[in-house]
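> Dumping the structure here so I can ask a few things about it.
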Protein chains: 2
Amino acid sequence: MADAHTKLLLSEDQIPTHWVNLLGDLPGDPLPPLHPGTMQPAGPDDLAAIFPMALIGQEVSPEPEIEIPDEVREAYKLWRPTPMYRARRLEAELGTPAHIYYKYEGVSPAGSHKPNTAVPQAYENAQAGIRKLSTETGAGQWGSSLAFACRLFGLECEVFMVGSSYDQKPYRRSMMQTWGATVHRSPSDQTEAGRANAGSPTGSLGIAISEAVEVAAQNEDTNYSLGSVLNHVLLHQTVIGQETMLQMELAGEEPDVVVGCVGGGSNFGGLAYPWLRRKLRSGSGPRFVAAEPAACPTLTRGVYAYDFGDTAGLTPLMPMYTLGHGFVPPPVHAGGLRYHGDAPSLCALVKAGTIEARAFRQNETFDAALRFARSEGIIPAPEPAHAIRAVIEEAEAATEAGEERVILFGLCGHGHFDLAAYDAYLAGTLEDPEFSEADRDAALAALPPGAPALA
Amino acid sequence: MADAHTKLLLSEDQIPTHWVNLLGDLPGDPLPPLHPGTMQPAGPDDLAAIFPMALIGQEVSPEPEIEIPDEVREAYKLWRPTPMYRARRLEAELGTPAHIYYKYEGVSPAGSHKPNTAVPQAYENAQAGIRKLSTETGAGQWGSSLAFACRLFGLECEVFMVGSSYDQKPYRRSMMQTWGATVHRSPSDQTEAGRANAGSPTGSLGIAISEAVEVAAQNEDTNYSLGSVLNHVLLHQTVIGQETMLQMELAGEEPDVVVGCVGGGSNFGGLAYPWLRRKLRSGSGPRFVAAEPAACPTLTRGVYAYDFGDTAGLTPLMPMYTLGHGFVPPPVHAGGLRYHGDAPSLCALVKAGTIEARAFRQNETFDAALRFARSEGIIPAPEPAHAIRAVIEEAEAATEAGEERVILFGLCGHGHFDLAAYDAYLAGTLEDPEFSEADRDAALAALPPGAPALA
């Protein structure tokens, strides 16, 4: 025990030099996004009003690898490579023969994996001569990451924060302001979309997206930035999975299963896609498990269809599992997992059976998070608590089988801004909402008419 | 630039095997603590009611090095070695030729350097058959670190949290409870000391200490644990400075000045003492700068005298700079620096001129913290913001002199639980209290009668 590693650490020169682009490896022909007006395939030009060409190029690139700019790798050095841990104390707590490893992204200044894409997005916009980025944020993880990244490259940052979160999470707002961002409570009086929804007391992610897109579309020097779902966002996150490949090599093991939570898919894709490509090409490799909330079970109970990315129906239609773009998930604390759809590439892999999806109730994820915090020390954010719940299931299966299985999961962020949720869990007052049949009927009824059906 | 290091990282086998005990290297004869009743030198037996013999042995040991138990080194692997950064972006922001390095202790589960001593204290108490540790906490950094450490070694943990902090910082309380600790608002109804002070609406650190000591003294299976000031606490923290010696070697540089903030002295001692011993023995080495709040300027405006460690006058008298054990510092946000005294070893070194002390106003420390956060990304706790303020002075002096000086400082914790203070600073409403002449007169008048005078 005394010489056994707890953390597997890499040096800065082992930060990946390229991002892994899985698009060319996906099974079947790629399904294009559709223009919301014409229902015809949307092209790069449709995105040029709000994204710089370099990111649009990454969004549609067929290249298997895309080089990471030097300036981005330099900025990554502020927190990368991130540590990978062997969870020896959790293994002991579970009494399992499984070997559990976790990749910890909570060491970034913003406390999650989100800066992995915020930094290259800010960089490419700065290179394109853009002066300001606008975005929306729910619980604040994405907004604070973009505020941090904009600061690094001298961009202004304007964040529309969902009203209920703005009121409940003042510390996340302060964090954005500390890095110099301007934060509006959404709905705001800054935009048409905001003024049109002035009556909404809590706001919603849908309204906040509309406000941020409007600001970007109407100002020549302002672009919009999105924290998940899109190809280029998942692409940027593949630094996570590539590092774990080197770290598992250091550990002298190969994962039997890779586990991550899924909201829009960027955390899961970032960890899994490098491993997935190896498996797709070699024909053998780990299983993949995507963990999502039972209150917003996109992959396990959604329909596979073309749907809008936002509530207002302004974005291109994307081929994905969806609960309907009008679905407002109940206010579970895993704010980052409250999204009606998921990344199209991830959905295609679930559809093909390459990735298995599981949904968990809020209370069982906090039970898992508490067991993790009390054995490993780190207090997880509510989002990766879903992955931990799935990991405990996998470990228990290994115990029953008496097998020394190797489990790798993504601990994508710490829970320092989520302790009110732990408080509620410890007090026994945490709600435990679940998606209903009526919710599913409503989702099906609300799909956009005129879009082609998916097999 | 592309190949230049931002972080200097060590591997787990480079975690120190020994703690550095500076006692034998201190100038002059050591001044003993005095028994509060007899005013005679206090011996190990006077401490045995509330501390285990292993820690008492470390407290008074003349050995230059003390071996770190294997189980403690294993637990250290949960976050150690910690990274040391070259602050290239801060250097650019300041336009200085100085090379600035910082050792970052905020990667520990509790978010500060405190677990470095909480872990060995919990371990030695568990070895001694103790079932529970009691302690006090102000802002919550120490209480959460001890809660975490107790969890690792199967001890119960009972924390008396200063009432005003208990009300203002519910997240720190939740953190302790997440790790399984019992947290009382102090004054509580659990102790004589608490009941005697039931009329105090906010409580104080002095009352909370009295409550925790009372619980330990009255229960055979319960000991007390202190997070700073004592020799064995500073001893445990020397893992910090030893790691920086290896990391500066990796960087190929030697510090010209070592900077840290001082509350009770454990962060400063932990970073500086390994460097200090080298200097005391070789006769050459860096300068040392201790940064403290102008609202609680123990080292810069206190008197050098025997005084109690606590407000109630229950502890042995210690030879130190003090503002008087009855002094209640104004509620600056750097709660960890609100202490009337300082570690005796540190005070002796300031008295001897080996360490230089400087005091800073609250607003100038937040100004420094904001410049740091906006260049380096990490949001500092209010305590190390004092060190950053001193570092900026040192860097500006290097700029004026046109010299490439090397500055090393301790970034002992992140500010994730202090964002309300950043909020106040950004809003321009942060108070800026200073110690007055009347405060100093009161301090002098309140020194305990009958104690021998110090030169």
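Residue numbering restarts at 1 for every chain of the structure tokens, chains are lettered A, B, ... in their displayed order, and ligands are numbered from 1 as they appear.
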Which residues, written as a ChimeraX atom specification, have at least one atom at most 7 Å from Gly241 (chain A), with only C-alpha atoms counted and residues fewer than 2 positions away on the same chain left out?

/A:238-239,243-245,270-275

> Only residues of chain B matter here; which ones have an atom within 8 Å of chain A, counting only C-alpha atoms? Give them as a PyMOL selection string.

chain B and resi 2-3+5-7+9+11-13+70-71+74+77-78+107+109-110+148+151-152+171+174-175+178-180+370+373-379+416-417+419-420+422-423+426

> Between B:Pro97, B:Pro41, B:Gly450, B:Gly324, which has the minimum distance to Val303 (chain B) (counting only C-alpha atoms)?

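Using only C-alpha atoms, the shortest distance to Val303 (chain B) belongs to B:Gly324.
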
> Can you pull out the residues contacting Gly285 (chain A)? Cut-off 9 Å, using only C-alpha atoms, and skip same-chain residues under 4 positions away; I want them as a PyMOL selection string.

chain A and resi 254-257+275-276+278-280

> Taking only C-alpha atoms into account, which of B:Pro16, B:Pro449, B:Pro69, B:Pro382 comes nearest Leu246 (chain B)?

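Nearest to Leu246 (chain B): B:Pro16.
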
> Counting only C-alpha atoms, what is within 8 Å of Ile68 (chain B), bar same-chain residues fewer than 6 positions away, as a PDB file with N, CA, C and O atoms, in the first residue's frame?


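Now in around_33.pdb:
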ATOM      1  N   PRO B  16       7.288  14.704   1.121  1.00  0.00           N
ATOM      2  CA  PRO B  16       8.353  14.575   2.132  1.00  0.00           C
ATOM      3  C   PRO B  16       8.138  13.368   3.051  1.00  0.00           C
ATOM      4  O   PRO B  16       7.004  12.990   3.358  1.00  0.00           O
ATOM      5  N   THR B  17       9.236  12.789   3.490  1.00  0.00           N
ATOM      6  CA  THR B  17       9.182  11.656   4.421  1.00  0.00           C
ATOM      7  C   THR B  17       9.288  12.123   5.876  1.00  0.00           C
ATOM      8  O   THR B  17       9.009  11.362   6.795  1.00  0.00           O
ATOM      9  N   HIS B  18       9.752  13.384   6.064  1.00  0.00           N
ATOM     10  CA  HIS B  18       9.943  13.935   7.410  1.00  0.00           C
ATOM     11  C   HIS B  18       9.383  15.342   7.476  1.00  0.00           C
ATOM     12  O   HIS B  18       9.313  16.037   6.462  1.00  0.00           O
ATOM     13  N   TRP B  19       8.987  15.745   8.667  1.00  0.00           N
ATOM     14  CA  TRP B  19       8.675  17.149   8.906  1.00  0.00           C
ATOM     15  C   TRP B  19       9.931  17.851   9.409  1.00  0.00           C
ATOM     16  O   TRP B  19      10.774  17.230  10.085  1.00  0.00           O
TER      17      TRP B  19
END

> Using DSSP assignments from the backbone, pull out every residue in region 107-158 of chain B that falls under alpha helix (DSSP H) and give it to me as a PyMOL selection string.

chain B and resi 115-127+141-152

> Counting only C-alpha atoms, what is within 6 Å of Gly336 (chain A), bar same-chain residues fewer than 2 positions away, as a compact mmCIF listing (two decimals) with N, CA and C atoms, in the first residue's frame?


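Contents of part_13.txt, as written:
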# COMPACT_ATOMS: atom_id res chain seq x y z
N GLY A 263 -25.41 15.86 -19.78
CA GLY A 263 -26.39 16.95 -19.78
C GLY A 263 -26.62 17.32 -21.24
N ALA A 334 -28.77 19.22 -10.16
CA ALA A 334 -27.81 19.02 -11.24
C ALA A 334 -28.21 19.89 -12.42
N ARG A 338 -29.99 19.54 -16.93
CA ARG A 338 -31.39 19.88 -17.23
C ARG A 338 -31.52 20.39 -18.66

> Region 24-37 of chain B: which residues within 7 Å, counting only C-alpha atoms, same-chain residues fewer than 2 positions away excluded, as a PDB file with N, CA, C and O atoms, in the first residue's frame?


ATOM      1  N   LEU B  22      12.060  23.235  13.426  1.00  0.00           N
ATOM      2  CA  LEU B  22      12.993  24.361  13.475  1.00  0.00           C
ATOM      3  C   LEU B  22      13.439  24.714  14.895  1.00  0.00           C
ATOM      4  O   LEU B  22      14.360  25.502  15.085  1.00  0.00           O
ATOM      5  N   MET B  39       2.373  30.104  36.889  1.00  0.00           N
ATOM      6  CA  MET B  39       3.340  30.909  36.135  1.00  0.00           C
ATOM      7  C   MET B  39       4.720  30.231  36.051  1.00  0.00           C
ATOM      8  O   MET B  39       5.713  30.875  35.750  1.00  0.00           O
ATOM      9  N   GLN B  40       4.739  28.940  36.357  1.00  0.00           N
ATOM     10  CA  GLN B  40       5.978  28.165  36.184  1.00  0.00           C
ATOM     11  C   GLN B  40       5.946  27.495  34.815  1.00  0.00           C
ATOM     12  O   GLN B  40       4.877  27.306  34.235  1.00  0.00           O
ATOM     13  N   PRO B  41       7.139  27.135  34.267  1.00  0.00           N
ATOM     14  CA  PRO B  41       7.166  26.457  32.970  1.00  0.00           C
ATOM     15  C   PRO B  41       6.199  25.272  32.927  1.00  0.00           C
ATOM     16  O   PRO B  41       6.168  24.446  33.857  1.00  0.00           O
ATOM     17  N   ALA B  42       5.383  25.221  31.875  1.00  0.00           N
ATOM     18  CA  ALA B  42       4.417  24.133  31.712  1.00  0.00           C
ATOM     19  C   ALA B  42       5.101  22.954  31.039  1.00  0.00           C
ATOM     20  O   ALA B  42       5.866  23.130  30.101  1.00  0.00           O
ATOM     21  N   PRO B  62      13.279  18.165  20.424  1.00  0.00           N
ATOM     22  CA  PRO B  62      14.461  18.902  19.952  1.00  0.00           C
ATOM     23  C   PRO B  62      15.014  18.317  18.639  1.00  0.00           C
ATOM     24  O   PRO B  62      15.958  18.872  18.080  1.00  0.00           O
ATOM     25  N   PRO B  64      15.795  17.547  14.874  1.00  0.00           N
ATOM     26  CA  PRO B  64      15.687  18.437  13.707  1.00  0.00           C
ATOM     27  C   PRO B  64      14.693  17.941  12.652  1.00  0.00           C
ATOM     28  O   PRO B  64      14.169  18.733  11.873  1.00  0.00           O
ATOM     29  N   ARG B 277      15.556  27.389   7.867  1.00  0.00           N
ATOM     30  CA  ARG B 277      16.615  26.578   8.475  1.00  0.00           C
ATOM     31  C   ARG B 277      17.859  26.586   7.595  1.00  0.00           C
ATOM     32  O   ARG B 277      18.975  26.719   8.090  1.00  0.00           O
ATOM     33  N   LEU B 314      -7.527  30.194  29.816  1.00  0.00           N
ATOM     34  CA  LEU B 314      -7.410  28.810  30.283  1.00  0.00           C
ATOM     35  C   LEU B 314      -6.112  28.145  29.834  1.00  0.00           C
ATOM     36  O   LEU B 314      -5.667  27.171  30.441  1.00  0.00           O
ATOM     37  N   THR B 315      -5.517  28.630  28.732  1.00  0.00           N
ATOM     38  CA  THR B 315      -4.354  27.950  28.154  1.00  0.00           C
ATOM     39  C   THR B 315      -3.079  28.394  28.854  1.00  0.00           C
ATOM     40  O   THR B 315      -3.062  29.401  29.580  1.00  0.00           O
ATOM     41  N   PRO B 316      -1.987  27.667  28.654  1.00  0.00           N
ATOM     42  CA  PRO B 316      -0.689  28.159  29.113  1.00  0.00           C
ATOM     43  C   PRO B 316      -0.393  29.542  28.523  1.00  0.00           C
ATOM     44  O   PRO B 316      -0.904  29.901  27.458  1.00  0.00           O
ATOM     45  N   LEU B 317       0.451  30.305  29.203  1.00  0.00           N
ATOM     46  CA  LEU B 317       0.884  31.592  28.662  1.00  0.00           C
ATOM     47  C   LEU B 317       2.019  31.328  27.678  1.00  0.00           C
ATOM     48  O   LEU B 317       2.922  30.528  27.950  1.00  0.00           O
ATOM     49  N   MET B 318       1.976  32.027  26.561  1.00  0.00           N
ATOM     50  CA  MET B 318       3.000  31.834  25.545  1.00  0.00           C
ATOM     51  C   MET B 318       3.749  33.131  25.288  1.00  0.00           C
ATOM     52  O   MET B 318       3.160  34.221  25.321  1.00  0.00           O
ATOM     53  N   PRO B 319       5.058  33.012  25.023  1.00  0.00           N
ATOM     54  CA  PRO B 319       5.858  34.206  24.726  1.00  0.00           C
ATOM     55  C   PRO B 319       5.650  34.593  23.269  1.00  0.00           C
ATOM     56  O   PRO B 319       6.046  33.857  22.366  1.00  0.00           O
TER      57      PRO B 319
END

> Pick the closest to Phe51 (chain A) from A:Glu253, A:Glu67, A:Asp221, A:Glu400: which is it, counting only C-alpha atoms?

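Answer, going by the shortest atom-to-atom distance: A:Asp221.
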
> For the strand (DSSP E) assignment from backbone DSSP, which residues of region 235-358 of chain A qualify? Please present them as a list in words.

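Residues of region 235-358 of chain A classed as strand (DSSP E): Val257, Val258, Val259, Gly260, Cys261, Arg287, Phe288, Val289, Ala290, Ala291, Glu292, Pro293, Val303, Tyr304, Ala305, Tyr306, Asp307, Phe308, Leu317, Met318, Pro319, Met320, Tyr321, Thr322, Glu356, Ala357 and Arg358 of chain A.
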
> Could you save the residues just selected, with C-alpha atoms, as a compact mmCIF listing (two decimals), in the first residue's frame?


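Saved as result17.txt:
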# COMPACT_ATOMS: atom_id res chain seq x y z
CA VAL A 257 -16.15 0.38 -18.51
CA VAL A 258 -16.09 4.18 -18.94
CA VAL A 259 -18.78 6.16 -17.09
CA GLY A 260 -19.83 9.79 -17.33
CA CYS A 261 -22.84 11.99 -16.68
CA ARG A 287 -18.24 -0.55 -22.37
CA PHE A 288 -19.63 2.98 -22.09
CA VAL A 289 -22.30 4.09 -19.60
CA ALA A 290 -24.02 7.49 -19.76
CA ALA A 291 -25.75 8.60 -16.54
CA GLU A 292 -28.61 11.10 -16.60
CA PRO A 293 -31.30 12.35 -14.17
CA VAL A 303 -37.71 10.21 -28.73
CA TYR A 304 -35.10 10.13 -31.50
CA ALA A 305 -36.15 13.00 -33.78
CA TYR A 306 -35.17 16.32 -35.30
CA ASP A 307 -35.77 19.06 -32.73
CA PHE A 308 -34.70 22.60 -31.94
CA LEU A 317 -32.95 21.45 -35.89
CA MET A 318 -30.67 18.69 -34.71
CA PRO A 319 -31.07 14.92 -34.94
CA MET A 320 -31.10 13.75 -31.35
CA TYR A 321 -32.92 12.15 -28.47
CA THR A 322 -35.22 14.84 -27.14
CA GLU A 356 -25.63 2.45 -22.73
CA ALA A 357 -27.73 5.08 -20.93
CA ARG A 358 -29.11 4.90 -17.37

> Which distance in Å separates CA of Glu214 (chain A) and CA of Thr311 (chain A), to one decimal?

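Separation of CA of Glu214 (chain A) and CA of Thr311 (chain A): 13.9 Å.
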
> Interatomic distance between CA of Thr117 (chain B) and CA of Ala217 (chain B)?

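CA of Ala217 (chain B) lies at a distance of 21.2 Å from CA of Thr117 (chain B).
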
> Any idea what's packed within 12 Å of Thr135 (chain B), counting only C-alpha atoms, ignoring anything in its chain fewer than 5 positions away? Could you give it as a PyMOL selection string?

chain B and resi 50-51+118+121-122+140-147+150+156-162+181-184+186+205-217+222-228

> With C-alpha atoms retained, could you export that selection as a PDB file, in the first residue's frame?


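Output file again-v4.pdb follows:
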ATOM      1  CA  ILE B  50      -6.493  17.185  25.899  1.00  0.00           C
ATOM      2  CA  PHE B  51      -3.655  16.052  23.565  1.00  0.00           C
ATOM      3  CA  ALA B 118      -5.599  17.944  10.584  1.00  0.00           C
ATOM      4  CA  GLN B 121      -3.581  15.105  14.401  1.00  0.00           C
ATOM      5  CA  ALA B 122      -6.522  12.825  13.634  1.00  0.00           C
ATOM      6  CA  GLY B 140     -14.807  27.296   8.906  1.00  0.00           C
ATOM      7  CA  GLN B 141     -11.524  26.430   7.172  1.00  0.00           C
ATOM      8  CA  TRP B 142     -10.136  24.631  10.196  1.00  0.00           C
ATOM      9  CA  GLY B 143     -13.381  22.941  11.197  1.00  0.00           C
ATOM     10  CA  SER B 144     -13.930  21.544   7.716  1.00  0.00           C
ATOM     11  CA  SER B 145     -10.337  20.301   7.515  1.00  0.00           C
ATOM     12  CA  LEU B 146     -10.631  18.485  10.833  1.00  0.00           C
ATOM     13  CA  ALA B 147     -14.019  17.049   9.819  1.00  0.00           C
ATOM     14  CA  CYS B 150     -11.544  12.641  11.297  1.00  0.00           C
ATOM     15  CA  GLU B 156     -16.131  11.532  15.457  1.00  0.00           C
ATOM     16  CA  CYS B 157     -15.722  15.272  15.115  1.00  0.00           C
ATOM     17  CA  GLU B 158     -17.531  17.959  17.127  1.00  0.00           C
ATOM     18  CA  VAL B 159     -17.116  21.539  15.998  1.00  0.00           C
ATOM     19  CA  PHE B 160     -18.085  24.704  17.859  1.00  0.00           C
ATOM     20  CA  MET B 161     -18.546  27.330  15.160  1.00  0.00           C
ATOM     21  CA  VAL B 162     -18.549  31.023  16.058  1.00  0.00           C
ATOM     22  CA  ALA B 181     -19.114  16.208  11.701  1.00  0.00           C
ATOM     23  CA  THR B 182     -21.497  17.551  14.328  1.00  0.00           C
ATOM     24  CA  VAL B 183     -21.555  21.334  14.245  1.00  0.00           C
ATOM     25  CA  HIS B 184     -22.828  23.525  17.092  1.00  0.00           C
ATOM     26  CA  SER B 186     -21.405  28.769  19.630  1.00  0.00           C
ATOM     27  CA  LEU B 205     -13.493  32.483  18.887  1.00  0.00           C
ATOM     28  CA  GLY B 206     -12.614  32.746  22.569  1.00  0.00           C
ATOM     29  CA  ILE B 207     -15.959  31.312  23.676  1.00  0.00           C
ATOM     30  CA  ALA B 208     -15.813  28.597  21.014  1.00  0.00           C
ATOM     31  CA  ILE B 209     -12.324  27.530  22.151  1.00  0.00           C
ATOM     32  CA  SER B 210     -13.527  27.347  25.733  1.00  0.00           C
ATOM     33  CA  GLU B 211     -16.449  25.145  24.690  1.00  0.00           C
ATOM     34  CA  ALA B 212     -14.260  22.764  22.676  1.00  0.00           C
ATOM     35  CA  VAL B 213     -11.612  22.507  25.409  1.00  0.00           C
ATOM     36  CA  GLU B 214     -14.294  21.861  28.023  1.00  0.00           C
ATOM     37  CA  VAL B 215     -15.732  18.966  26.000  1.00  0.00           C
ATOM     38  CA  ALA B 216     -12.262  17.460  25.619  1.00  0.00           C
ATOM     39  CA  ALA B 217     -11.250  17.950  29.240  1.00  0.00           C
ATOM     40  CA  THR B 222     -12.354  12.972  23.564  1.00  0.00           C
ATOM     41  CA  ASN B 223      -9.370  15.161  22.771  1.00  0.00           C
ATOM     42  CA  TYR B 224      -9.020  18.739  21.589  1.00  0.00           C
ATOM     43  CA  SER B 225      -7.406  19.791  18.349  1.00  0.00           C
ATOM     44  CA  LEU B 226      -5.922  23.165  17.416  1.00  0.00           C
ATOM     45  CA  GLY B 227      -5.333  24.385  13.866  1.00  0.00           C
ATOM     46  CA  SER B 228      -2.404  26.801  14.319  1.00  0.00           C
TER      47      SER B 228
END

> Hey, which of A:Met84, A:Leu250, A:Ala343, A:Cys296 ends up closest to Gly264 (chain A)? Count only C-alpha atoms.

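The shortest atom-to-atom distance to Gly264 (chain A) comes from A:Ala343.
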